[in-house]
>>> print(open('start22.pdb').read())   # PDB, C-alpha atoms
ATOM      1  CA  MET A 277       0.943   1.426  -0.045
ATOM      2  CA  SER A 278       2.060  -2.154   0.328
ATOM      3  CA  PHE A 279       5.438  -3.113   1.738
ATOM      4  CA  ILE A 280       7.298  -5.347  -0.723
ATOM      5  CA  ASN A 281      10.228  -7.067   0.995
ATOM      6  CA  TYR A 282      12.596  -8.765  -1.477
ATOM      7  CA  ALA A 283      14.782 -10.094   1.332
ATOM      8  CA  SER A 284      12.007 -12.103   2.971
ATOM      9  CA  GLN A 285       9.994 -12.506  -0.265
ATOM     10  CA  GLU A 286       6.934 -11.089   1.431
ATOM     11  CA  ILE A 287       4.358  -8.465   0.627
ATOM     12  CA  ASN A 288       2.571  -6.849   3.552
ATOM     13  CA  CYS A 289      -0.771  -5.146   2.987
ATOM     14  CA  LYS A 290      -3.063  -3.358   5.389
ATOM     15  CA  ILE A 291      -6.846  -3.689   5.336
ATOM     16  CA  VAL A 292      -8.904  -1.512   7.654
ATOM     17  CA  TYR A 293     -12.444  -2.354   8.778
ATOM     18  CA  TYR A 294     -14.259   0.937   9.295
ATOM     19  CA  GLY A 295     -17.787   1.710  10.410
ATOM     20  CA  PRO A 296     -19.947   2.951  13.267
ATOM     21  CA  GLY A 297     -19.733   1.586  16.803
ATOM     22  CA  LEU A 298     -21.242  -1.872  17.354
ATOM     23  CA  ALA A 299     -21.680  -2.468  13.602
ATOM     24  CA  GLY A 300     -19.692  -5.717  13.810
ATOM     25  CA  LYS A 301     -16.130  -4.836  12.748
ATOM     26  CA  THR A 302     -14.522  -6.834  15.545
ATOM     27  CA  THR A 303     -16.966  -9.681  14.943
ATOM     28  CA  ASN A 304     -15.761  -9.856  11.319
ATOM     29  CA  ILE A 305     -12.124 -10.109  12.375
ATOM     30  CA  THR A 306     -12.880 -12.609  15.144
ATOM     31  CA  TYR A 307     -14.753 -14.859  12.725
ATOM     32  CA  ILE A 308     -11.862 -14.743  10.259
ATOM     33  CA  TYR A 309      -9.463 -15.605  13.069
ATOM     34  CA  ASP A 310     -11.620 -18.489  14.333
ATOM     35  CA  THR A 311     -11.983 -20.057  10.903
ATOM     36  CA  ALA A 312      -8.521 -19.447   9.404
ATOM     37  CA  ASN A 313      -6.003 -22.239   9.050
ATOM     38  CA  PRO A 314      -3.648 -21.943  12.071
ATOM     39  CA  LYS A 315      -0.659 -22.092   9.703
ATOM     40  CA  ASN A 316      -1.837 -18.949   7.931
ATOM     41  CA  LYS A 317      -2.711 -16.703  10.829
ATOM     42  CA  GLY A 318      -0.916 -14.823  13.571
ATOM     43  CA  LYS A 319      -2.250 -13.815  16.948
ATOM     44  CA  LEU A 320      -5.442 -11.811  17.221
ATOM     45  CA  ILE A 321      -4.841  -8.695  19.278
ATOM     46  CA  SER A 322      -7.792  -6.804  20.705
ATOM     47  CA  LEU A 323      -7.336  -3.620  22.669
ATOM     48  CA  ASN A 324     -10.719  -3.396  24.341
ATOM     49  CA  THR A 325     -12.397  -1.552  27.153
ATOM     50  CA  GLU A 326     -13.915  -3.517  30.038
ATOM     51  CA  MET A 327     -17.203  -3.373  28.163
ATOM     52  CA  ASP A 328     -15.605  -5.181  25.195
ATOM     53  CA  ARG A 329     -15.773  -2.078  23.031
ATOM     54  CA  THR A 330     -12.737  -1.544  20.841
ATOM     55  CA  LEU A 331     -10.495   1.000  22.545
ATOM     56  CA  PHE A 332      -7.726   1.354  19.988
ATOM     57  CA  PHE A 333      -7.717  -1.445  17.419
ATOM     58  CA  ASP A 334      -8.011  -5.137  16.703
ATOM     59  CA  PHE A 335      -5.169  -6.616  14.703
ATOM     60  CA  LEU A 336      -4.940  -9.908  12.841
ATOM     61  CA  PRO A 337      -2.141 -10.882  10.440
ATOM     62  CA  ILE A 338      -3.253 -13.474   7.891
ATOM     63  CA  ASP A 339      -1.562 -15.015   4.841
ATOM     64  CA  LEU A 340      -3.620 -15.035   1.658
ATOM     65  CA  GLY A 341      -1.541 -16.829  -0.977
ATOM     66  CA  THR A 342       1.307 -15.677  -3.193
ATOM     67  CA  ILE A 343       1.947 -13.233  -6.015
ATOM     68  CA  GLY A 344       4.979 -13.807  -8.233
ATOM     69  CA  GLY A 345       6.573 -16.017  -5.589
ATOM     70  CA  PHE A 346       5.997 -13.494  -2.809
ATOM     71  CA  LYS A 347       3.978 -14.530   0.209
ATOM     72  CA  THR A 348       1.225 -11.982   0.776
ATOM     73  CA  ARG A 349       0.409 -11.154   4.364
ATOM     74  CA  PHE A 350      -2.640  -9.065   5.069
ATOM     75  CA  HIS A 351      -2.759  -7.094   8.285
ATOM     76  CA  LEU A 352      -6.404  -6.696   9.220
ATOM     77  CA  TYR A 353      -7.230  -3.799  11.515
ATOM     78  CA  THR A 354     -10.481  -2.522  12.945
ATOM     79  CA  VAL A 355     -10.978   1.017  14.161
ATOM     80  CA  PRO A 356     -12.899   2.011  17.286
ATOM     81  CA  GLY A 357     -16.340   3.002  16.059
ATOM     82  CA  GLN A 358     -17.390   5.353  18.811
ATOM     83  CA  VAL A 359     -17.433   8.965  17.701
ATOM     84  CA  PHE A 360     -14.939  10.246  20.273
ATOM     85  CA  TYR A 361     -12.107   8.005  19.024
ATOM     86  CA  GLU A 362     -11.703  10.054  15.852
ATOM     87  CA  ALA A 363      -7.941  10.500  16.321
ATOM     88  CA  SER A 364      -7.370   6.755  16.718
ATOM     89  CA  ARG A 365      -9.359   5.981  13.582
ATOM     90  CA  LYS A 366      -7.266   8.395  11.577
ATOM     91  CA  LEU A 367      -3.992   6.917  12.842
ATOM     92  CA  ILE A 368      -5.049   3.354  12.066
ATOM     93  CA  LEU A 369      -6.129   4.321   8.559
ATOM     94  CA  LYS A 370      -2.602   5.514   7.735
ATOM     95  CA  GLY A 371      -0.985   3.332   5.087
ATOM     96  CA  ALA A 372      -4.154   1.333   4.360
ATOM     97  CA  ASP A 373      -4.205  -0.647   1.109
ATOM     98  CA  GLY A 374      -7.910  -1.354   1.290
ATOM     99  CA  VAL A 375     -10.978  -0.475   3.333
ATOM    100  CA  VAL A 376     -14.109  -2.397   4.322
ATOM    101  CA  PHE A 377     -16.998  -0.251   5.501
ATOM    102  CA  VAL A 378     -19.151  -2.299   7.885
ATOM    103  CA  ALA A 379     -22.598  -0.715   7.981
ATOM    104  CA  ASP A 380     -25.309  -1.538  10.498
ATOM    105  CA  SER A 381     -28.636  -2.542   8.900
ATOM    106  CA  HIS A 382     -30.704  -1.572  11.936
ATOM    107  CA  PRO A 383     -33.075   1.324  11.144
ATOM    108  CA  ASP A 384     -31.938   3.200  14.266
ATOM    109  CA  ARG A 385     -28.364   3.295  12.978
ATOM    110  CA  VAL A 386     -28.927   5.292   9.797
ATOM    111  CA  ASP A 387     -27.349   8.446  11.211
ATOM    112  CA  ALA A 388     -24.432   6.514  12.728
ATOM    113  CA  ASN A 389     -23.698   4.947   9.319
ATOM    114  CA  HIS A 390     -23.758   8.369   7.659
ATOM    115  CA  GLU A 391     -21.526   9.944  10.258
ATOM    116  CA  SER A 392     -18.967   7.152  10.066
ATOM    117  CA  LEU A 393     -18.916   7.202   6.267
ATOM    118  CA  ARG A 394     -18.421  10.960   6.271
ATOM    119  CA  ASP A 395     -15.592  10.539   8.783
ATOM    120  CA  LEU A 396     -13.973   7.864   6.565
ATOM    121  CA  LYS A 397     -14.137  10.067   3.473
ATOM    122  CA  GLU A 398     -12.559  12.997   5.292
ATOM    123  CA  ASN A 399      -9.771  10.914   6.816
ATOM    124  CA  LEU A 400      -8.954   9.180   3.533
ATOM    125  CA  LYS A 401      -8.770  12.511   1.789
ATOM    126  CA  GLU A 402      -6.385  13.850   4.420
ATOM    127  CA  TYR A 403      -4.036  10.934   3.741
ATOM    128  CA  GLY A 404      -4.162  11.571   0.012
ATOM    129  CA  TYR A 405      -6.412   8.660  -0.926
ATOM    130  CA  GLU A 406      -9.220   8.980  -3.386
ATOM    131  CA  MET A 407     -12.419   7.241  -2.378
ATOM    132  CA  GLN A 408     -13.199   6.464  -5.994
ATOM    133  CA  THR A 409     -10.139   4.266  -6.536
ATOM    134  CA  ILE A 410      -9.047   2.758  -3.230
ATOM    135  CA  PRO A 411      -9.850  -0.968  -2.902
ATOM    136  CA  TYR A 412     -13.155  -0.719  -1.098
ATOM    137  CA  VAL A 413     -16.070  -2.938  -0.087
ATOM    138  CA  LEU A 414     -19.391  -2.067   1.518
ATOM    139  CA  GLN A 415     -20.655  -4.709   3.931
ATOM    140  CA  LEU A 416     -24.261  -4.468   5.084
ATOM    141  CA  ASN A 417     -24.085  -6.277   8.392
ATOM    142  CA  LYS A 418     -26.754  -7.432  10.832
ATOM    143  CA  ARG A 419     -29.158  -8.542   8.114
ATOM    144  CA  ASP A 420     -30.846 -10.703  10.773
ATOM    145  CA  VAL A 421     -32.079  -7.852  12.967
ATOM    146  CA  THR A 422     -35.809  -7.192  13.151
ATOM    147  CA  GLY A 423     -36.783  -4.422  10.762
ATOM    148  CA  ALA A 424     -33.432  -4.439   8.933
ATOM    149  CA  LEU A 425     -33.516  -1.779   6.242
ATOM    150  CA  PRO A 426     -33.913  -3.106   2.675
ATOM    151  CA  ILE A 427     -30.667  -3.857   0.814
ATOM    152  CA  GLU A 428     -31.578  -1.538  -2.048
ATOM    153  CA  GLU A 429     -32.238   1.353   0.304
ATOM    154  CA  LEU A 430     -28.978   0.887   2.238
ATOM    155  CA  THR A 431     -26.947   0.453  -0.916
ATOM    156  CA  LYS A 432     -28.412   3.556  -2.495
ATOM    157  CA  ASP A 433     -27.786   5.442   0.719
ATOM    158  CA  LEU A 434     -24.232   4.311   1.475
ATOM    159  CA  ALA A 435     -22.562   3.270  -1.776
ATOM    160  CA  VAL A 436     -19.897   5.732  -2.864
ATOM    161  CA  ARG A 437     -19.239   4.266  -6.301
ATOM    162  CA  ASP A 438     -19.831   0.862  -7.914
ATOM    163  CA  GLU A 439     -18.117  -0.959  -5.037
ATOM    164  CA  PRO A 440     -18.924  -4.590  -4.240
ATOM    165  CA  VAL A 441     -21.717  -4.810  -1.665
ATOM    166  CA  PHE A 442     -22.180  -7.826   0.603
ATOM    167  CA  GLU A 443     -24.969  -8.756   2.953
ATOM    168  CA  ALA A 444     -23.641 -10.142   6.202
ATOM    169  CA  VAL A 445     -24.494 -11.579   9.567
ATOM    170  CA  ALA A 446     -20.983 -11.501  10.976
ATOM    171  CA  VAL A 447     -21.836 -13.398  14.169
ATOM    172  CA  THR A 448     -22.708 -16.453  12.057
ATOM    173  CA  GLY A 449     -19.991 -15.818   9.473
ATOM    174  CA  ARG A 450     -22.411 -15.040   6.667
ATOM    175  CA  GLY A 451     -20.754 -12.672   4.184
ATOM    176  CA  VAL A 452     -17.522 -12.344   6.199
ATOM    177  CA  GLN A 453     -15.154 -14.327   3.969
ATOM    178  CA  GLU A 454     -16.768 -12.943   0.807
ATOM    179  CA  THR A 455     -16.087  -9.418   2.051
ATOM    180  CA  LEU A 456     -12.436 -10.141   2.822
ATOM    181  CA  LYS A 457     -11.882 -11.966  -0.463
ATOM    182  CA  SER A 458     -13.402  -9.098  -2.404
ATOM    183  CA  VAL A 459     -11.208  -6.386  -0.891
ATOM    184  CA  ALA A 460      -8.124  -8.658  -1.088
ATOM    185  CA  ARG A 461      -8.838  -9.302  -4.772
ATOM    186  CA  GLN A 462      -8.862  -5.563  -5.455
ATOM    187  CA  VAL A 463      -5.558  -5.117  -3.596
ATOM    188  CA  PHE A 464      -4.047  -8.056  -5.539
ATOM    189  CA  THR A 465      -5.063  -6.436  -8.825
ATOM    190  CA  ILE A 466      -3.127  -3.275  -7.987
ATOM    191  CA  LEU A 467      -0.137  -5.247  -6.692
ATOM    192  CA  ARG A 468       0.054  -7.389  -9.817
ATOM    193  CA  LYS A 469       0.034  -4.254 -11.941
ATOM    194  CA  ASP A 470       2.812  -2.738  -9.788
ATOM    195  CA  MET A 471       4.954  -5.864  -9.983
ATOM    196  CA  GLU A 472       4.676  -6.351 -13.764
TER     197      GLU A 472
ATOM    198  CA  MET B 233      -2.819  17.520   0.226
ATOM    199  CA  SER B 234      -4.449  16.774  -3.078
ATOM    200  CA  ALA B 235      -6.076  13.391  -3.471
ATOM    201  CA  LYS B 236      -4.258  10.761  -5.513
ATOM    202  CA  ARG B 237      -5.295   7.433  -6.910
ATOM    203  CA  LEU B 238      -4.103   4.643  -4.644
ATOM    204  CA  ASP B 239      -2.135   3.038  -7.469
ATOM    205  CA  GLN B 240      -0.226   6.305  -7.865
ATOM    206  CA  LEU B 241       1.026   6.115  -4.301
ATOM    207  CA  PRO B 242       4.373   4.283  -4.235
ATOM    208  CA  ASN B 243       4.683   0.966  -2.447
ATOM    209  CA  PHE B 244       7.591   0.643  -0.057
ATOM    210  CA  VAL B 245      10.107  -1.716  -1.654
ATOM    211  CA  LEU B 246      12.952  -3.135   0.408
ATOM    212  CA  ARG B 247      15.682  -4.806  -1.652
ATOM    213  CA  GLU B 248      18.243  -7.277  -0.373
ATOM    214  CA  ASP B 249      21.219  -4.887  -0.322
ATOM    215  CA  GLU B 250      19.227  -2.339   1.700
ATOM    216  CA  ASN B 251      18.047  -5.100   4.006
ATOM    217  CA  GLU B 252      21.659  -6.132   4.604
ATOM    218  CA  LYS B 253      22.662  -2.563   5.431
ATOM    219  CA  ILE B 254      19.771  -2.294   7.878
ATOM    220  CA  LEU B 255      20.660  -5.613   9.511
ATOM    221  CA  PHE B 256      24.254  -4.431   9.910
ATOM    222  CA  VAL B 257      23.064  -1.340  11.796
ATOM    223  CA  LEU B 258      20.674  -3.408  13.923
ATOM    224  CA  SER B 259      23.460  -5.840  14.740
ATOM    225  CA  SER B 260      25.727  -2.995  15.825
ATOM    226  CA  ILE B 261      23.012  -1.535  18.051
ATOM    227  CA  GLN B 262      22.247  -4.909  19.553
ATOM    228  CA  SER B 263      25.847  -5.302  20.546
ATOM    229  CA  LYS B 264      26.356  -1.740  21.857
ATOM    230  CA  CYS B 265      23.145  -1.668  23.892
ATOM    231  CA  LYS B 266      23.244  -5.334  24.944
ATOM    232  CA  ALA B 267      19.751  -5.761  23.537
ATOM    233  CA  GLU B 268      18.161  -9.184  23.166
ATOM    234  CA  THR B 269      16.356  -8.142  20.013
ATOM    235  CA  VAL B 270      16.370  -5.071  17.788
ATOM    236  CA  ALA B 271      13.580  -4.445  15.283
ATOM    237  CA  LEU B 272      13.036  -1.731  12.694
ATOM    238  CA  ILE B 273       9.328  -1.146  12.163
ATOM    239  CA  ASN B 274       7.431   1.202   9.921
ATOM    240  CA  ARG B 275       4.862   3.546  11.395
ATOM    241  CA  ASN B 276       2.080   1.474   9.860
ATOM    242  CA  GLY B 277       3.038  -1.364  12.197
ATOM    243  CA  GLN B 278       4.916  -3.573   9.742
ATOM    244  CA  GLU B 279       8.240  -5.194  10.555
ATOM    245  CA  ILE B 280      11.011  -4.016   8.205
ATOM    246  CA  ALA B 281      13.878  -6.031   9.707
ATOM    247  CA  THR B 282      14.709  -7.772  12.974
ATOM    248  CA  HIS B 283      18.006  -8.889  14.481
ATOM    249  CA  GLY B 284      18.690 -10.940  17.590
ATOM    250  CA  GLN B 285      16.550 -13.381  19.518
ATOM    251  CA  VAL B 286      13.256 -13.970  17.742
ATOM    252  CA  GLU B 287      12.407 -17.477  18.906
ATOM    253  CA  GLY B 288       9.125 -17.374  20.804
ATOM    254  CA  LEU B 289       8.731 -13.699  19.978
ATOM    255  CA  ASP B 290       5.620 -12.623  18.046
ATOM    256  CA  VAL B 291       7.322  -9.968  15.951
ATOM    257  CA  GLN B 292       4.152  -9.052  14.047
ATOM    258  CA  SER B 293       2.258  -8.309  17.244
ATOM    259  CA  LEU B 294       5.253  -6.456  18.628
ATOM    260  CA  ALA B 295       5.457  -4.336  15.460
ATOM    261  CA  SER B 296       1.761  -3.516  15.420
ATOM    262  CA  LEU B 297       1.598  -2.643  19.108
ATOM    263  CA  ALA B 298       4.859  -0.653  19.133
ATOM    264  CA  ALA B 299       3.615   1.442  16.212
ATOM    265  CA  GLY B 300       0.290   1.806  18.014
ATOM    266  CA  THR B 301       2.087   2.994  21.153
ATOM    267  CA  VAL B 302       3.994   5.632  19.209
ATOM    268  CA  ALA B 303       0.832   6.775  17.468
ATOM    269  CA  ALA B 304      -1.102   6.918  20.737
ATOM    270  CA  THR B 305       1.559   8.923  22.568
ATOM    271  CA  HIS B 306       1.747  11.347  19.662
ATOM    272  CA  GLY B 307      -1.348  13.099  20.961
ATOM    273  CA  LEU B 308       0.041  13.066  24.486
ATOM    274  CA  ALA B 309       3.240  14.768  23.303
ATOM    275  CA  ARG B 310       1.235  17.477  21.597
ATOM    276  CA  THR B 311      -0.575  18.330  24.809
ATOM    277  CA  ILE B 312       2.762  19.573  26.178
ATOM    278  CA  GLY B 313       3.794  21.301  22.979
ATOM    279  CA  GLU B 314       6.038  18.509  21.671
ATOM    280  CA  LYS B 315       5.758  17.221  18.120
ATOM    281  CA  GLU B 316       6.321  13.678  19.381
ATOM    282  CA  PHE B 317       8.406  11.804  21.920
ATOM    283  CA  GLN B 318      11.696  10.706  20.376
ATOM    284  CA  ILE B 319      12.086   7.942  22.956
ATOM    285  CA  ILE B 320       9.507   5.782  24.743
ATOM    286  CA  PHE B 321      10.590   3.367  27.441
ATOM    287  CA  HIS B 322       8.474   0.614  28.999
ATOM    288  CA  GLU B 323      10.136  -1.033  31.973
ATOM    289  CA  GLY B 324       9.035  -4.547  32.886
ATOM    290  CA  GLU B 325      10.050  -6.822  35.722
ATOM    291  CA  ALA B 326      12.349  -8.945  33.592
ATOM    292  CA  ARG B 327      12.451  -7.223  30.194
ATOM    293  CA  SER B 328      11.947  -3.726  28.909
ATOM    294  CA  ILE B 329      11.063  -2.160  25.587
ATOM    295  CA  HIS B 330      12.909   0.892  24.335
ATOM    296  CA  ILE B 331      11.480   2.711  21.310
ATOM    297  CA  THR B 332      13.360   5.343  19.297
ATOM    298  CA  ALA B 333      11.890   7.409  16.465
ATOM    299  CA  VAL B 334      13.614   6.922  13.106
ATOM    300  CA  GLY B 335      12.575  10.005  11.169
ATOM    301  CA  SER B 336       8.888  10.366  10.523
ATOM    302  CA  GLU B 337       8.366   6.982   8.918
ATOM    303  CA  ALA B 338       9.912   4.286  11.127
ATOM    304  CA  ILE B 339      10.763   3.314  14.697
ATOM    305  CA  LEU B 340      13.534   1.277  16.270
ATOM    306  CA  VAL B 341      12.478  -1.153  18.991
ATOM    307  CA  LEU B 342      14.931  -2.692  21.452
ATOM    308  CA  LEU B 343      14.065  -5.555  23.789
ATOM    309  CA  ILE B 344      16.362  -5.441  26.775
ATOM    310  CA  ALA B 345      16.802  -7.664  29.811
ATOM    311  CA  LYS B 346      16.332  -5.629  32.973
ATOM    312  CA  LYS B 347      19.907  -6.225  34.084
ATOM    313  CA  ASP B 348      21.068  -4.489  30.888
ATOM    314  CA  ASN B 349      18.809  -1.416  31.088
ATOM    315  CA  ARG B 350      21.794   0.757  31.834
ATOM    316  CA  ALA B 351      23.605  -0.407  28.719
ATOM    317  CA  ILE B 352      21.327   1.668  26.490
ATOM    318  CA  ASP B 353      23.563   4.132  24.741
ATOM    319  CA  PRO B 354      21.607   7.214  23.590
ATOM    320  CA  THR B 355      24.445   8.460  21.377
ATOM    321  CA  SER B 356      24.684   5.160  19.514
ATOM    322  CA  LEU B 357      20.915   5.044  19.135
ATOM    323  CA  LYS B 358      20.805   8.573  17.761
ATOM    324  CA  ARG B 359      23.548   7.797  15.265
ATOM    325  CA  ALA B 360      21.860   4.536  14.257
ATOM    326  CA  SER B 361      18.584   6.382  13.778
ATOM    327  CA  MET B 362      20.259   8.833  11.383
ATOM    328  CA  ILE B 363      21.982   6.058   9.414
ATOM    329  CA  LEU B 364      18.712   4.129   9.149
ATOM    330  CA  GLN B 365      16.924   7.260   7.939
ATOM    331  CA  ASP B 366      19.532   7.594   5.191
ATOM    332  CA  ILE B 367      19.119   3.973   4.128
ATOM    333  CA  LEU B 368      15.328   4.277   4.115
ATOM    334  CA  LYS B 369      15.523   7.448   2.025
ATOM    335  CA  LYS B 370      17.254   5.419  -0.691
ATOM    336  CA  THR B 371      14.558   2.750  -0.763
ATOM    337  CA  VAL B 372      11.714   2.929  -3.249
ATOM    338  CA  GLY B 373       8.612   4.544  -1.784
ATOM    339  CA  THR B 374       7.891   5.383   1.802
ATOM    340  CA  PRO B 375       8.112   2.831   4.600
TER     341      PRO B 375
END
>>> encode(input="start22.pdb", output="structure tokens")
Amino acid sequence: MSFINYASQEINCKIVYYGPGLAGKTTNITYIYDTANPKNKGKLISLNTEMDRTLFFDFLPIDLGTIGGFKTRFHLYTVPGQVFYEASRKLILKGADGVVFVADSHPDRVDANHESLRDLKENLKEYGYEMQTIPYVLQLNKRDVTGALPIEELTKDLAVRDEPVFEAVAVTGRGVQETLKSVARQVFTILRKDME
Amino acid sequence: MSAKRLDQLPNFVLREDENEKILFVLSSIQSKCKAETVALINRNGQEIATHGQVEGLDVQSLASLAAGTVAATHGLARTIGEKEFQIIFHEGEARSIHITAVGSEAILVLLIAKKDNRAIDPTSLKRASMILQDILKKTVGTP
């Protein structure tokens, strides 16, 4: 549900990076922040614990072009991945226009990926979203770890429909921009249809 | 709740006449409560309208964090049997933040210099909250 403001000629959209703890959600947002044109980005806010784990959310506003003369501002959020922050994840997901699921390619994180994906599906459903139609991207992160599970296996395991799937190594930036562009493109498609 | 396609969920559309009405209310509140800045924010953390001093103020961060504060204290309120706190007040050394719920979809944020903390007028804020709810009801979609 985007916010279309005729007075300021702006459209605000919300993208949420979801996934298990330590999968690289914050690393995605940090890379986007570090590489974005300063004119197009706001401040990066990170609400972390002392151990640098996301406590509540990371937030980054970023401008991604115009539609019909309206400046489009994407608000990128991450959720805390650790299991016990379920309530926070649900709150942050409210009003999302698109979701990126950041999966961990490490073989030890298979169960964590499943649990987080199940949690995402349940929370989306509670907010009235349908997983089959929401702008959605699957990012397979940490492709550089030793013993990373094969792409085909992870995709078969975690894909929920025919969503775009990207390999990523977020710490080096590999796959990060492609992921954002892909989910933004899907949101733009819906917005254009709404504004016709 | 039954699941809907995302493109069937209405966007929130704010038109210029509604924006002007909102700014009028914010201006009135700013004056009555001697606030430096007054901002109307949706519960998703997006700024709807702001009135007052904005120079040097990161309104987007303010909006996101104020909405986050309200969301986070929601659970706290429920532990004492409250649905939510209608007012949240953060007192700083020089400036304070006063947050008022505006229905279930928005919040009103006042930035106040410490010397003016006592100028906050709960009756005016309550009335403003009701007027803003009415205006938002007439907008397209949900904020």
>>> closest_atom_pairs(input="start22.pdb", of="chain A", to="chain B", cutoff="7 Å", atoms="all atoms listed in the file", output="Markdown table")
| residue | atom | partner | partner_atom | distance |
| --- | --- | --- | --- | --- |
| A:Met277 | CA | B:Asn243 | CA | 4.5 |
| A:Ser278 | CA | B:Asn243 | CA | 4.9 |
| A:Phe279 | CA | B:Phe244 | CA | 4.7 |
| A:Ile280 | CA | B:Val245 | CA | 4.7 |
| A:Asn281 | CA | B:Leu246 | CA | 4.8 |
| A:Tyr282 | CA | B:Arg247 | CA | 5.0 |
| A:Ala283 | CA | B:Glu248 | CA | 4.8 |
| A:Leu367 | CA | B:Ala303 | CA | 6.7 |
| A:Lys370 | CA | B:Asn276 | CA | 6.5 |
| A:Gly371 | CA | B:Asn276 | CA | 6.0 |
| A:Lys401 | CA | B:Ala235 | CA | 6.0 |
| A:Glu402 | CA | B:Met233 | CA | 6.6 |
| A:Gly404 | CA | B:Ala235 | CA | 4.4 |
| A:Tyr405 | CA | B:Ala235 | CA | 5.4 |
| A:Glu406 | CA | B:Ala235 | CA | 5.4 |
| A:Thr409 | CA | B:Arg237 | CA | 5.8 |
| A:Ile410 | CA | B:Leu238 | CA | 5.5 |
| A:Ile466 | CA | B:Asp239 | CA | 6.4 |
>>> residues_around(input="start22.pdb", residues="stretch 339-350 of chain B", least_positions_apart="2", cutoff="6 Å", atoms="all atoms listed in the file", output="list in words")
Ala267, Glu268, Thr269, Val270, Ala271, Leu272, Ile273, Ala326, Arg327, Ser328, Ile329, His330, Ile331, Thr332, Ala333, Val334 and Ile352 of chain B
>>> resolve_selection(input="start22.pdb", expression="the PyMOL selection byres ((chain B and resi 354) around 12)", output="mmCIF file with C-alpha atoms, in the frame of the given file")
data_model
loop_
_atom_site.group_PDB
_atom_site.id
_atom_site.type_symbol
_atom_site.label_atom_id
_atom_site.label_comp_id
_atom_site.auth_asym_id
_atom_site.auth_seq_id
_atom_site.Cartn_x
_atom_site.Cartn_y
_atom_site.Cartn_z
ATOM 1 C CA ILE B 261 23.012 -1.535 18.051
ATOM 2 C CA LYS B 264 26.356 -1.740 21.857
ATOM 3 C CA CYS B 265 23.145 -1.668 23.892
ATOM 4 C CA GLN B 318 11.696 10.706 20.376
ATOM 5 C CA ILE B 319 12.086 7.942 22.956
ATOM 6 C CA HIS B 330 12.909 0.892 24.335
ATOM 7 C CA ILE B 331 11.480 2.711 21.310
ATOM 8 C CA THR B 332 13.360 5.343 19.297
ATOM 9 C CA ASN B 349 18.809 -1.416 31.088
ATOM 10 C CA ARG B 350 21.794 0.757 31.834
ATOM 11 C CA ALA B 351 23.605 -0.407 28.719
ATOM 12 C CA ILE B 352 21.327 1.668 26.490
ATOM 13 C CA ASP B 353 23.563 4.132 24.741
ATOM 14 C CA THR B 355 24.445 8.460 21.377
ATOM 15 C CA SER B 356 24.684 5.160 19.514
ATOM 16 C CA LEU B 357 20.915 5.044 19.135
ATOM 17 C CA LYS B 358 20.805 8.573 17.761
ATOM 18 C CA ARG B 359 23.548 7.797 15.265
ATOM 19 C CA ALA B 360 21.860 4.536 14.257
ATOM 20 C CA SER B 361 18.584 6.382 13.778
#
>>> residues_around(input="start22.pdb", residues="stretch 291-305 of chain A", least_positions_apart="3", cutoff="8 Å", atoms="only C-alpha atoms", output="PyMOL selection string")
chain A and resi 308-309+329-330+334+336+350-359+368-369+372-380+388-389+391-393+396+417-418+446-447+449+452
>>> closest_residue(input="start22.pdb", among="A:Glu429, A:Thr325, A:Ala460, A:Phe335", to="A:Thr306", atoms="all atoms listed in the file")
A:Phe335
>>> resolve_selection(input="start22.pdb", expression="the PyMOL selection byres ((chain A and resi 317) around 10)", output="compact mmCIF listing (two decimals) with C-alpha atoms, keeping the file's coordinate frame")
# COMPACT_ATOMS: atom_id res chain seq x y z
CA ILE A 308 -11.86 -14.74 10.26
CA TYR A 309 -9.46 -15.60 13.07
CA ASP A 310 -11.62 -18.49 14.33
CA THR A 311 -11.98 -20.06 10.90
CA ALA A 312 -8.52 -19.45 9.40
CA ASN A 313 -6.00 -22.24 9.05
CA PRO A 314 -3.65 -21.94 12.07
CA LYS A 315 -0.66 -22.09 9.70
CA ASN A 316 -1.84 -18.95 7.93
CA GLY A 318 -0.92 -14.82 13.57
CA LYS A 319 -2.25 -13.82 16.95
CA LEU A 320 -5.44 -11.81 17.22
CA LEU A 336 -4.94 -9.91 12.84
CA PRO A 337 -2.14 -10.88 10.44
CA ILE A 338 -3.25 -13.47 7.89
CA ASP A 339 -1.56 -15.02 4.84
CA LEU A 340 -3.62 -15.04 1.66
CA ARG A 349 0.41 -11.15 4.36
CA PHE A 350 -2.64 -9.06 5.07
CA HIS A 351 -2.76 -7.09 8.28
>>> atom_distance(input="start22.pdb", atom1="atom CA of A:Glu472", atom2="atom CA of A:Thr348")
16.0 Å
>>> atom_distance(input="start22.pdb", atom1="atom CA of A:Phe464", atom2="atom CA of A:Glu286")
13.4 Å
>>> atom_distance(input="start22.pdb", atom1="atom CA of A:Asp387", atom2="atom CA of A:Ser322")
26.6 Å
>>> decode(input="start22.pdb", residues="stretch 363-367 of chain A", atoms="N, CA and C atoms", output="mmCIF file, in the first residue's frame")
data_model
loop_
_atom_site.group_PDB
_atom_site.id
_atom_site.type_symbol
_atom_site.label_atom_id
_atom_site.label_comp_id
_atom_site.auth_asym_id
_atom_site.auth_seq_id
_atom_site.Cartn_x
_atom_site.Cartn_y
_atom_site.Cartn_z
ATOM 1 N N ALA A 363 7.353 -10.528 17.270
ATOM 2 C CA ALA A 363 6.409 -9.406 17.307
ATOM 3 C C ALA A 363 6.946 -8.207 16.524
ATOM 4 N N SER A 364 8.245 -7.949 16.654
ATOM 5 C CA SER A 364 8.847 -6.826 15.926
ATOM 6 C C SER A 364 8.754 -7.052 14.421
ATOM 7 N N ARG A 365 9.062 -8.281 14.001
ATOM 8 C CA ARG A 365 9.008 -8.577 12.565
ATOM 9 C C ARG A 365 7.632 -8.289 12.004
ATOM 10 N N LYS A 366 6.620 -8.691 12.750
ATOM 11 C CA LYS A 366 5.247 -8.524 12.281
ATOM 12 C C LYS A 366 4.909 -7.032 12.156
ATOM 13 N N LEU A 367 5.326 -6.251 13.141
ATOM 14 C CA LEU A 367 5.037 -4.814 13.117
ATOM 15 C C LEU A 367 5.713 -4.142 11.932
#
